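Taking it in order: structure first as structure tokens, then the write-up.
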Amino acid sequence: MRCLLRSLFPFVLFLAGCGTGTGQPDVSFPAVFTSPATNEFVVGDVTVTLDEARVAFGPAYFCASASGSATLCDAAVGEIRRITTIDALGEGETPLGTYAGFAGDVRSASYDYGIHWFLPEQEAAASPEAPGGHSARVRGVASRAGTSVRFEADIDVKPLFQGQRAVPTTKVEGTVTEATSRIEVQFDVTSWFSAVDFGAAIDAGVDPFVIGPGAQDYTSVVNRMVSTHPPSFVFVEGEAPAAP
Amino acid sequence: MRFVLSRWSNAIALAAGLLVARPALAQPRAPQAPAGQANVTLPTVVEHVDAVYPPDKLAQGVDTTVEVLVTVERNGTVGDAQIAVSGGEAFDAAALAAVRRWRFSPATRDGVPIRARIRVPFHFAPEPHPPVPPGAPTDTPPPDAAPSPGPPAPATKPPASKPPADKHTHAHGEQPAELDSGLALPHAVAEPGKPIEIHVQGRPNPPRRGASDFRLGRAVLDSAPRPTTADLIKSAPGFHVMRPEGDAVAQRVSLRGFDADHGQDIQFTVGGTIPLNQPSHIHGQGYADLNVLIPETVRSLRVLEGVYDPHQGDFAVAGSVDFDLGVEERGVRATASYGSFDTKRLVAIFAPAGQSEETFGAAVVRTTDGFGEGVRGSISGGFTGQYRFELPGDLSALVHLSSYGARSTVAGVLRRDDIDRRIVDFYGAYPDTSARSQSAAATRTQASFSLQRTGDDGSEASFGLWGAYGTYRSRLNFTGYTQRSRLRPTWAGRGDLIEQSNDDGGFGARASYRTRRYEAASWLKAQLTLGADAEAHSIDQAQNLLEAPQNETWDRRVDTTVRSLRIGAFVDALFTFSRWARLRGGLRADFISFDIDDRLGNQVPAFREETHFIGYRRTAAGIAWGPRATLEVDPLPSLRLFAAYGRGYRSPQARQLEEGEQAPFATVHSYEAGARYQYEPARLSATLVAYETRLSYDLAFDAEEGRLERIGPTTRRGLVAYLQANPLTGFNASISATFVRATLDSPPPPTPENPTPPYVEGQSLPYVPPVVVRTDVSYRRALGTFRGKSLVARAGYGATFLSPRPLPYAQEARTVFVVDASLGLRRDFVEIGVDATNLFNARYADTEYVFVSDWRTSDIPSHLPARHISAGSPLTILGNLTFYL
């Protein structure tokens with residue numbers, strides 16, 4: 001009997017392997033932040049130079065549905081389960097961890113800027129990676145015609161509801177295959193702060209100019225981070241480009 | 001229904017055989033002895049006991065005759081019984097065991113009781129025996145019976161050979177009068193001098209409907225420990241049974257590529273009368289909790305894999321299983337068991353001697369802490385009682401009552417990655433409050449009353465009524481903390497403890513009539529069966545989310561009353577073209593209607609102004625048709641070829657129906673071709689089957705909702721090999737191997753929430769093992785005597801091998817190989833035994849799932865579907881002490 005079983009076993013395993021797969025295969029590859037490496041920008045007649053721009057990013061969840069919100073996307077197709085402090089002014093790439101998920105189309109993403117409200121937490125909380133306990137900490141100088149003011153902003157982007165991400169959904173156009181080698185995340189802090197009325201700050205002579213919660217400039221920055229100038233996500237196939 | 005007819009035909013055949021002689025319309029009178037024995041009356045049967053077709057011979061289909069010489073004492077008891085014509089050891093024993101329990105009114109001479117010797121032939125046929133017209137010879141084997149390896153049935157009159165004188169010597173020192181047989185039941189008198197034909201059928205043994213029509217008797221069922229009735233069906237080819245949700249929730253079953261969940265694809269019945277599947281159950285369509293039956297009272301199983309019999313009704317998609325209840329060993333039996341995890345079980349069975357095997361009472365109680373960390377404890381109790389009795393007018397009646405209740409705590413499922421990271425033990429449970437609040441409780445009470453009458457010409461009429469009431473409560477958390485209230489969307493993160501309740505009261509009836517066999521031509525005979533059945537249910541069901549530990553309701557998902565009515569009708573024909581070819585089949589149709597009071601329907605989303613009151617009442621109805629046919633050809637005496645086709649269906653989940661919807665039945669087309677070979681010298685039978693089934697839409701388990709959701713049409717193709725042998729007395733072995741390739745034909749349509757469902761065309765169906773191998777071996781023999789009493793030992797094992805089961809998202813479960821074994825030693829009325837399940841202590845996942853969960857075991861939750869397991873039981877040893885009284 002034992003011999004019989006032994007001889008049958010390879011046959012059984014062969015038969016067991018005859019089936020086809022079940023759905024999308026799983027994939028994983030690195031996620032990186034690629035910096036635009038711009039620390040200077042012009043808003044009207046004001047030149048703004050950033051001395052510090054640190055942003056907490058993550059976690060990020062990717063969905064096949066058009067909306068990545070918690071109520072419309074029960075199961076993600078990919079995720080970056082790490083919170084990273086990004087020096088947005090640094091050159092080169094910043095590793096964000098690993099993108100893990102399944103092959104297939106990705107149409108939306110939801111993510112936090114270092115402040116999360118996971119279930120069943122009773123309130124939103126900043127992660128240790130959040131710079132100074134905030135989603136973003138930005139410092140710099142705004143100059144116009146020889147007049148300069150320092151400015152600083154501690155931006156908090158909080159989830160509105162328990163169990164949701166701070167950015168409930170962002171459109172993504174991408175397809176993940178087994179050939180996908182990495183995902184590039186990119187955002188431009190200068191574009192977020194282009195909404196700030198630095199001219200008024202210079203005119204007011206406030207130094208340092210603090211962009212705080214409740215201020216119009218603060219809200220404008222948050223809106224850009226969440227809605228109008230969110231990060232972009234690009235899935236790259238083939239070998240990852242060599243680091244510069 | 002047909003199962004019942006045949007199951008009862010044992011007793012009926014006895015009466016029919018006697019009626020062959022000549023029915024008496026008036027009260028019986030004592031039969032007269034033949035000429036030359038003037039003033040002598042023959043013995044009359046006062047009380048008879050059915051002979052039992054040896055279960056381990058069922059698969060071989062032996063058709064044989066045993067003739068017993070019976071001495072009837074002056075007080076009507078059987079003083080001596082000897083085999084005059086042997087039909088084989090097992091059949092001889094069965095005939096002797098039965099006839100020794102008969103009671104007679106004694107023969108008389110000149111009015112004075114005398115001892116008498118008569119001859120009683122028993123004819124054992126594995127399948128329904130053809131009608132025997134009065135006076136007709138009976139040596140023609142039944143056209144639909146297996147080729148008879150045994151001697152032909154006796155002719156009109158058995159040989160008048162007289163046993164040797166020394167064998168006639170009786171303890172009383174008085175020679176009994178030698179009489180030709182002339183027995184009569186109380187309601188019928190045999191013609192003096194006529195031989196009596198006693199036809200004994202293997203029960204339940206309706207004609208085979210294909211090569212995948214398997215019969216399992218106690219010889220197979222006793223091979224390995226069977227803690228529950230669900231464990232009995234493990235021995236059927238292709239079956240796999242799991243119990244991931246504790247003792248109070250119905251088993252999960254897979255069969256030949258079908259993930260039948262809790263019964264959605266398999267029709268379960270008791271005695272062919274009582275349906276066990278519950279329509280529109282909240283925990284899964286077709287939910288069937290087999291715990292209502294006590295495993296020791298299951299005499300045999302008929303497992304028909306595929307849909308080839310017009311008697312198969314709702315939920316017969318992958319096949320059907322009928323439980324035949326009976327207790328072979330008469331008397332009182334009590335078994336006490338104790339073992340691992342502080343498991344205690346006590347079962348008592350009362351089977352009065354002299355009654356039919358179907359007459360018994362049994363009760364069981366069981367308690368256990370369960371394996372793991374004490375989170376699988378359960379307590380349960382059950383009762384089954386049956387009484388078979390004869391009524392005037394050749395009617396046979398059976399009353400059945402079963403009741404069962406259980407409550408258990410549930411460990412729930414665990415994430416594989418948490419086990420791998422040693423966050424939680426493989427056999428443990430999450431320490432979370434919500435996880436530790438999982439439990440289930442269920443009850444079921446069912447009763448039935450059946451009548452059957454078999455005519456002298458082979459016609460048969462039967463009628464049955466049944467009623468059942470079942471309750472179900474479960475609180476299960478598969479996903480941890482992912483849910484959000486739909487009524488109050490800002491409520492979230494209170495734990496996904498889903499409470500489900502289902503209260504189902506149902507009743508029904510069935511009736512059928514089988515005509516006599518018509519002989520259209522010398523080469524063509526035909527027989528027709530017409531039948532109908534109906535069942536009605538009133539179901540109250542609810543599903544809520546609870547916040548542990550106070551079990552406060554924080555969301556309501558279902559609050560529904562469903563009333564359903566199903567009416568089925570079928571016509572089933574048998575055409576016998578010759579001794580070597582038969583065609584069976586017919587047409588079945590079922591009408592089903594639903595009235596659904598969905599009290600949470602038309603819900604107003606929280607962010608919108610209320611414009612109406614919630615609630616959605618709707619009705620739906622539909623009709624499904626199902627032709628079925630089986631062709632049998634016997635090219636060789638030992639070889640039978642089968643080809644079968646059938647269309648079956650499964651009623652829909654009522655809650656998912658829209659107003660006026662034509663009750664979209666899931667329909668299945670089954671095809672198979674196979675062969676069955678019997679090699680009588682080695683008592684071996686082998687079956688090989690190739691099959692295909694196509695299902696119009698399949699269901700898969702949705703962990704978020706804790707219920708089944710549609711996934712699309714599916715196809716299964718496979719092979720089954722089944723070998724059964726009992727080359728030695730007391731030795732029985734069976735092995736089956738089932739291979740299936742089960743694929744999804746097209747994925748479910750995208751939805752806004754899920755534009756790319758986790759299923760793709762042509763993928764393997766998740767959760768069902770492509771290869772299932774099962775072997776059962778048992779051996780029983782006498783070891784000798786001890787202090788004047790014989791010692792009988794038994795040993796057996798059952799082993800199951802499952803190849804890796806495909807899982808969603810290209811995952812694959814691990815191989816499963818589990819061996820259960822049983823040992824016992826009996827002396828006189830005491831037996832000690834030990835049962836071991838999972839003998840080699842294999843660490844295996846009973847079930848595996850893939851879905852999103854969050855058990856707060858990581859700082860950042862994952863929203864990816866992840867593998868989850870429910871641990872299979874580790875090595876469990878139970879010691880048994882049984883008293884036979």
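Ordering of the structure tokens sets the chain letters (A, B, ...), residue numbers begin anew at 1 in every chain, and ligands are numbered from 1 in the order given.
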Q.
Which residues are close to range 232-238 of chain A, i.e. within 6 Å by only C-alpha atoms, leaving aside same-chain residues fewer than 5 positions away? Reply as number ranges by chain.
A. A: 179-186
Q) Within 8 Å of chain A, which residues of chain B show up when using only C-alpha atoms, listed as a PyMOL selection string? A) chain B and resi 481-482+484+490+492-495+739+741-743+752-756+758-760+762-766+769-771+803-804+806-811+851-852+860-865
Q. Residues at most 9 Å from range 538-546 of chain B, counting only C-alpha atoms, excluding those fewer than 4 positions away in the same chain, as a PyMOL selection string?
A. chain B and resi 279-282+434+475+483+485+494-506+550-564
File dump, residues just selected, N, CA and C atoms, as an mmCIF file, in the first residue's frame:
```cif
data_model
loop_
_atom_site.group_PDB
_atom_site.id
_atom_site.type_symbol
_atom_site.label_atom_id
_atom_site.label_comp_id
_atom_site.auth_asym_id
_atom_site.auth_seq_id
_atom_site.Cartn_x
_atom_site.Cartn_y
_atom_site.Cartn_z
ATOM 1 N N PRO B 279 -34.091 26.706 2.741
ATOM 2 C CA PRO B 279 -34.014 27.728 1.696
ATOM 3 C C PRO B 279 -33.822 29.105 2.298
ATOM 4 N N SER B 280 -33.058 29.919 1.597
ATOM 5 C CA SER B 280 -32.869 31.327 1.976
ATOM 6 C C SER B 280 -32.379 31.509 3.403
ATOM 7 N N HIS B 281 -31.567 30.605 3.858
ATOM 8 C CA HIS B 281 -31.009 30.755 5.203
ATOM 9 C C HIS B 281 -30.055 31.952 5.217
ATOM 10 N N ILE B 282 -30.046 32.653 6.313
ATOM 11 C CA ILE B 282 -29.238 33.870 6.401
ATOM 12 C C ILE B 282 -27.748 33.555 6.297
ATOM 13 N N SER B 434 -13.836 41.566 20.705
ATOM 14 C CA SER B 434 -14.803 41.177 19.678
ATOM 15 C C SER B 434 -14.539 39.756 19.195
ATOM 16 N N ARG B 475 -22.764 34.740 16.150
ATOM 17 C CA ARG B 475 -22.071 36.019 16.282
ATOM 18 C C ARG B 475 -20.636 35.749 15.868
ATOM 19 N N GLN B 483 -15.664 47.518 9.509
ATOM 20 C CA GLN B 483 -17.016 47.877 9.102
ATOM 21 C C GLN B 483 -17.408 49.286 9.534
ATOM 22 N N SER B 485 -21.073 51.628 9.942
ATOM 23 C CA SER B 485 -22.524 51.519 9.998
ATOM 24 C C SER B 485 -23.149 52.099 8.735
ATOM 25 N N ARG B 494 -16.255 49.667 15.619
ATOM 26 C CA ARG B 494 -16.749 49.057 16.860
ATOM 27 C C ARG B 494 -16.648 47.540 16.839
ATOM 28 N N GLY B 495 -16.030 47.049 15.818
ATOM 29 C CA GLY B 495 -15.888 45.597 15.707
ATOM 30 C C GLY B 495 -16.912 45.021 14.756
ATOM 31 N N ASP B 496 -16.443 44.081 13.932
ATOM 32 C CA ASP B 496 -17.301 43.522 12.886
ATOM 33 C C ASP B 496 -17.997 42.242 13.355
ATOM 34 N N LEU B 497 -18.466 42.278 14.586
ATOM 35 C CA LEU B 497 -19.146 41.093 15.129
ATOM 36 C C LEU B 497 -20.544 41.018 14.511
ATOM 37 N N ILE B 498 -20.666 40.155 13.524
ATOM 38 C CA ILE B 498 -21.920 40.047 12.778
ATOM 39 C C ILE B 498 -22.832 39.046 13.479
ATOM 40 N N GLU B 499 -23.964 39.542 13.868
ATOM 41 C CA GLU B 499 -24.959 38.644 14.458
ATOM 42 C C GLU B 499 -25.959 38.255 13.373
ATOM 43 N N GLN B 500 -26.130 36.978 13.201
ATOM 44 C CA GLN B 500 -27.123 36.487 12.246
ATOM 45 C C GLN B 500 -28.130 35.617 12.984
ATOM 46 N N SER B 501 -29.377 35.768 12.614
ATOM 47 C CA SER B 501 -30.395 34.895 13.195
ATOM 48 C C SER B 501 -31.321 34.435 12.091
ATOM 49 N N ASN B 502 -31.788 33.231 12.234
ATOM 50 C CA ASN B 502 -32.666 32.644 11.226
ATOM 51 C C ASN B 502 -33.610 31.663 11.916
ATOM 52 N N ASP B 503 -34.861 32.005 11.924
ATOM 53 C CA ASP B 503 -35.873 31.114 12.495
ATOM 54 C C ASP B 503 -36.736 30.610 11.355
ATOM 55 N N ASP B 504 -36.737 29.317 11.171
ATOM 56 C CA ASP B 504 -37.394 28.730 9.998
ATOM 57 C C ASP B 504 -38.390 27.669 10.457
ATOM 58 N N GLY B 505 -39.629 27.901 10.147
ATOM 59 C CA GLY B 505 -40.644 26.875 10.368
ATOM 60 C C GLY B 505 -41.118 26.364 9.025
ATOM 61 N N GLY B 506 -41.006 25.093 8.815
ATOM 62 C CA GLY B 506 -41.372 24.547 7.510
ATOM 63 C C GLY B 506 -42.152 23.261 7.648
ATOM 64 N N GLN B 550 -20.739 44.013 25.310
ATOM 65 C CA GLN B 550 -22.148 44.135 25.708
ATOM 66 C C GLN B 550 -23.106 43.738 24.592
ATOM 67 N N ASN B 551 -22.545 43.484 23.443
ATOM 68 C CA ASN B 551 -23.345 43.101 22.275
ATOM 69 C C ASN B 551 -24.418 44.160 21.952
ATOM 70 N N GLU B 552 -23.977 45.421 22.011
ATOM 71 C CA GLU B 552 -24.887 46.497 21.618
ATOM 72 C C GLU B 552 -24.954 46.559 20.096
ATOM 73 N N THR B 553 -26.139 46.673 19.587
ATOM 74 C CA THR B 553 -26.305 46.725 18.139
ATOM 75 C C THR B 553 -25.892 48.104 17.627
ATOM 76 N N TRP B 554 -24.966 48.123 16.679
ATOM 77 C CA TRP B 554 -24.539 49.430 16.137
ATOM 78 C C TRP B 554 -24.758 49.519 14.631
ATOM 79 N N ASP B 555 -25.295 48.488 14.058
ATOM 80 C CA ASP B 555 -25.774 48.619 12.681
ATOM 81 C C ASP B 555 -26.741 47.484 12.412
ATOM 82 N N ARG B 556 -27.682 47.767 11.545
ATOM 83 C CA ARG B 556 -28.662 46.752 11.165
ATOM 84 C C ARG B 556 -28.553 46.549 9.667
ATOM 85 N N ARG B 557 -28.390 45.312 9.275
ATOM 86 C CA ARG B 557 -28.174 45.023 7.859
ATOM 87 C C ARG B 557 -29.360 44.292 7.233
ATOM 88 N N VAL B 558 -29.957 43.404 7.983
ATOM 89 C CA VAL B 558 -31.062 42.607 7.444
ATOM 90 C C VAL B 558 -32.133 42.479 8.520
ATOM 91 N N ASP B 559 -33.341 42.697 8.112
ATOM 92 C CA ASP B 559 -34.484 42.431 8.985
ATOM 93 C C ASP B 559 -35.623 42.020 8.055
ATOM 94 N N THR B 560 -35.768 40.750 7.858
ATOM 95 C CA THR B 560 -36.609 40.266 6.769
ATOM 96 C C THR B 560 -37.456 39.085 7.208
ATOM 97 N N THR B 561 -38.640 39.045 6.675
ATOM 98 C CA THR B 561 -39.454 37.838 6.770
ATOM 99 C C THR B 561 -39.654 37.295 5.360
ATOM 100 N N VAL B 562 -39.348 36.031 5.193
ATOM 101 C CA VAL B 562 -39.496 35.382 3.888
ATOM 102 C C VAL B 562 -40.497 34.248 4.031
ATOM 103 N N ARG B 563 -41.434 34.233 3.132
ATOM 104 C CA ARG B 563 -42.351 33.092 3.079
ATOM 105 C C ARG B 563 -42.191 32.450 1.718
ATOM 106 N N SER B 564 -41.941 31.186 1.720
ATOM 107 C CA SER B 564 -41.683 30.515 0.442
ATOM 108 C C SER B 564 -42.576 29.294 0.302
#
```
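Around Gln216 in chain A, within 12 Å and counting only C-alpha atoms, the residues found are A:Phe193, A:Ala195, A:Val196, A:Asp197, A:Phe198, A:Ala200, A:Val210, A:Ile211, A:Gly212, A:Ser220, A:Val221, A:Val222, A:Asn223, once anything fewer than 4 positions away on its own chain is removed.
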For the residues selected in the previous step, produce a file with N, CA, C and O atoms as an mmCIF file, in the first residue's frame.
```cif
data_model
loop_
_atom_site.group_PDB
_atom_site.id
_atom_site.type_symbol
_atom_site.label_atom_id
_atom_site.label_comp_id
_atom_site.auth_asym_id
_atom_site.auth_seq_id
_atom_site.Cartn_x
_atom_site.Cartn_y
_atom_site.Cartn_z
ATOM 1 N N PHE A 193 2.539 75.877 -2.030
ATOM 2 C CA PHE A 193 2.683 77.184 -1.397
ATOM 3 C C PHE A 193 2.549 78.337 -2.384
ATOM 4 O O PHE A 193 2.647 79.516 -1.989
ATOM 5 N N ALA A 195 -0.075 79.134 -3.503
ATOM 6 C CA ALA A 195 -1.375 79.742 -3.192
ATOM 7 C C ALA A 195 -1.286 80.755 -2.060
ATOM 8 O O ALA A 195 -2.253 81.470 -1.780
ATOM 9 N N VAL A 196 -0.126 80.845 -1.431
ATOM 10 C CA VAL A 196 0.009 81.739 -0.282
ATOM 11 C C VAL A 196 0.244 83.185 -0.788
ATOM 12 O O VAL A 196 1.022 83.412 -1.718
ATOM 13 N N ASP A 197 -0.417 84.091 -0.129
ATOM 14 C CA ASP A 197 -0.266 85.502 -0.510
ATOM 15 C C ASP A 197 0.944 86.081 0.234
ATOM 16 O O ASP A 197 0.822 86.734 1.271
ATOM 17 N N PHE A 198 2.138 85.772 -0.279
ATOM 18 C CA PHE A 198 3.357 86.243 0.368
ATOM 19 C C PHE A 198 3.484 87.764 0.252
ATOM 20 O O PHE A 198 4.054 88.429 1.121
ATOM 21 N N ALA A 200 1.219 90.004 0.583
ATOM 22 C CA ALA A 200 0.519 90.637 1.702
ATOM 23 C C ALA A 200 1.342 90.525 2.972
ATOM 24 O O ALA A 200 1.376 91.461 3.790
ATOM 25 N N VAL A 210 3.801 83.537 9.966
ATOM 26 C CA VAL A 210 3.379 82.177 10.345
ATOM 27 C C VAL A 210 2.076 81.841 9.624
ATOM 28 O O VAL A 210 1.079 82.562 9.760
ATOM 29 N N ILE A 211 2.133 80.777 8.895
ATOM 30 C CA ILE A 211 0.919 80.313 8.198
ATOM 31 C C ILE A 211 0.267 79.274 9.105
ATOM 32 O O ILE A 211 0.733 78.144 9.208
ATOM 33 N N GLY A 212 -0.744 79.684 9.823
ATOM 34 C CA GLY A 212 -1.344 78.812 10.829
ATOM 35 C C GLY A 212 -2.756 78.402 10.504
ATOM 36 O O GLY A 212 -3.378 78.945 9.583
ATOM 37 N N SER A 220 -5.620 77.244 1.886
ATOM 38 C CA SER A 220 -5.254 77.092 0.471
ATOM 39 C C SER A 220 -4.192 76.019 0.290
ATOM 40 O O SER A 220 -4.244 75.219 -0.660
ATOM 41 N N VAL A 221 -3.238 76.005 1.197
ATOM 42 C CA VAL A 221 -2.191 74.982 1.094
ATOM 43 C C VAL A 221 -2.788 73.584 1.263
ATOM 44 O O VAL A 221 -2.487 72.654 0.511
ATOM 45 N N VAL A 222 -3.659 73.465 2.272
ATOM 46 C CA VAL A 222 -4.276 72.156 2.514
ATOM 47 C C VAL A 222 -5.090 71.724 1.293
ATOM 48 O O VAL A 222 -5.042 70.564 0.871
ATOM 49 N N ASN A 223 -5.835 72.654 0.737
ATOM 50 C CA ASN A 223 -6.628 72.306 -0.456
ATOM 51 C C ASN A 223 -5.741 71.814 -1.583
ATOM 52 O O ASN A 223 -6.092 70.879 -2.309
#
```
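Of note, CA of Asn277 in chain B and CA of Gly263 in chain B are spaced 6.6 Å apart.
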**Q.** strand (DSSP E or B) residues, from DSSP on the backbone, in range 196-413 of chain B, as a ChimeraX atom specification
**A.** /B:198-201,213-217,239-242,252-255,258-259,266-270,274-275,278,287,298-305,319-325,331-339,343-351,360-368,378-391,395-409
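Minimum distance to Asp56 in chain B across B:Ala725, B:Leu600, B:Ala526, B:Leu695 (counting only C-alpha atoms) occurs at B:Ala725.
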Q.
Residues near Thr837 in chain B, anyone? I mean within 12 Å using only C-alpha atoms, not counting same-chain ones fewer than 4 positions away, as JSON, numbers by chain.
A. {"B": [224, 225, 226, 227, 228, 231, 339, 340, 796, 797, 798, 799, 800, 817, 818, 819, 820, 821, 822, 823, 841, 842, 872, 873, 874, 875, 876, 877, 878, 879]}
Give me the residues near Thr729 in chain B as a CSV table (one decimal) with C-alpha atoms, in the first residue's frame, where near means some atom within 12 Å (using only C-alpha atoms) and where sequence neighbours in that chain fewer than 4 positions away do not count.
```csv
chain,number,residue,atom,x,y,z
B,56,ASP,CA,-21.1,-4.5,2.9
B,57,LYS,CA,-22.6,-6.4,0.0
B,88,GLY,CA,-23.2,-17.0,1.1
B,89,GLU,CA,-22.0,-16.5,4.6
B,90,ALA,CA,-23.2,-13.0,5.1
B,219,ALA,CA,-19.0,-1.6,7.1
B,682,ALA,CA,-12.3,-11.3,-4.6
B,683,ARG,CA,-15.5,-9.5,-3.7
B,725,ALA,CA,-13.2,-4.8,-1.7
B,733,ALA,CA,-11.5,-1.5,2.2
B,778,SER,CA,-11.7,-1.8,8.6
B,779,TYR,CA,-11.1,-5.3,9.9
B,780,ARG,CA,-13.1,-7.2,12.5
B,781,ARG,CA,-12.4,-10.7,13.7
B,782,ALA,CA,-12.8,-13.0,16.6
```
Q: Name the residues in contact with range 320-337 of chain B at a cut-off of 6 Å, using only C-alpha atoms, excluding same-chain residues fewer than 3 positions from it; report them as a ChimeraX atom specification.
A: /B:266-271,297-304,316,344-353,357-358,879-885
Q. Could you state the separation of CA of Arg366 in chain B and CA of Ser254 in chain B in Å, given to one decimal place?
A. 26.1 Å
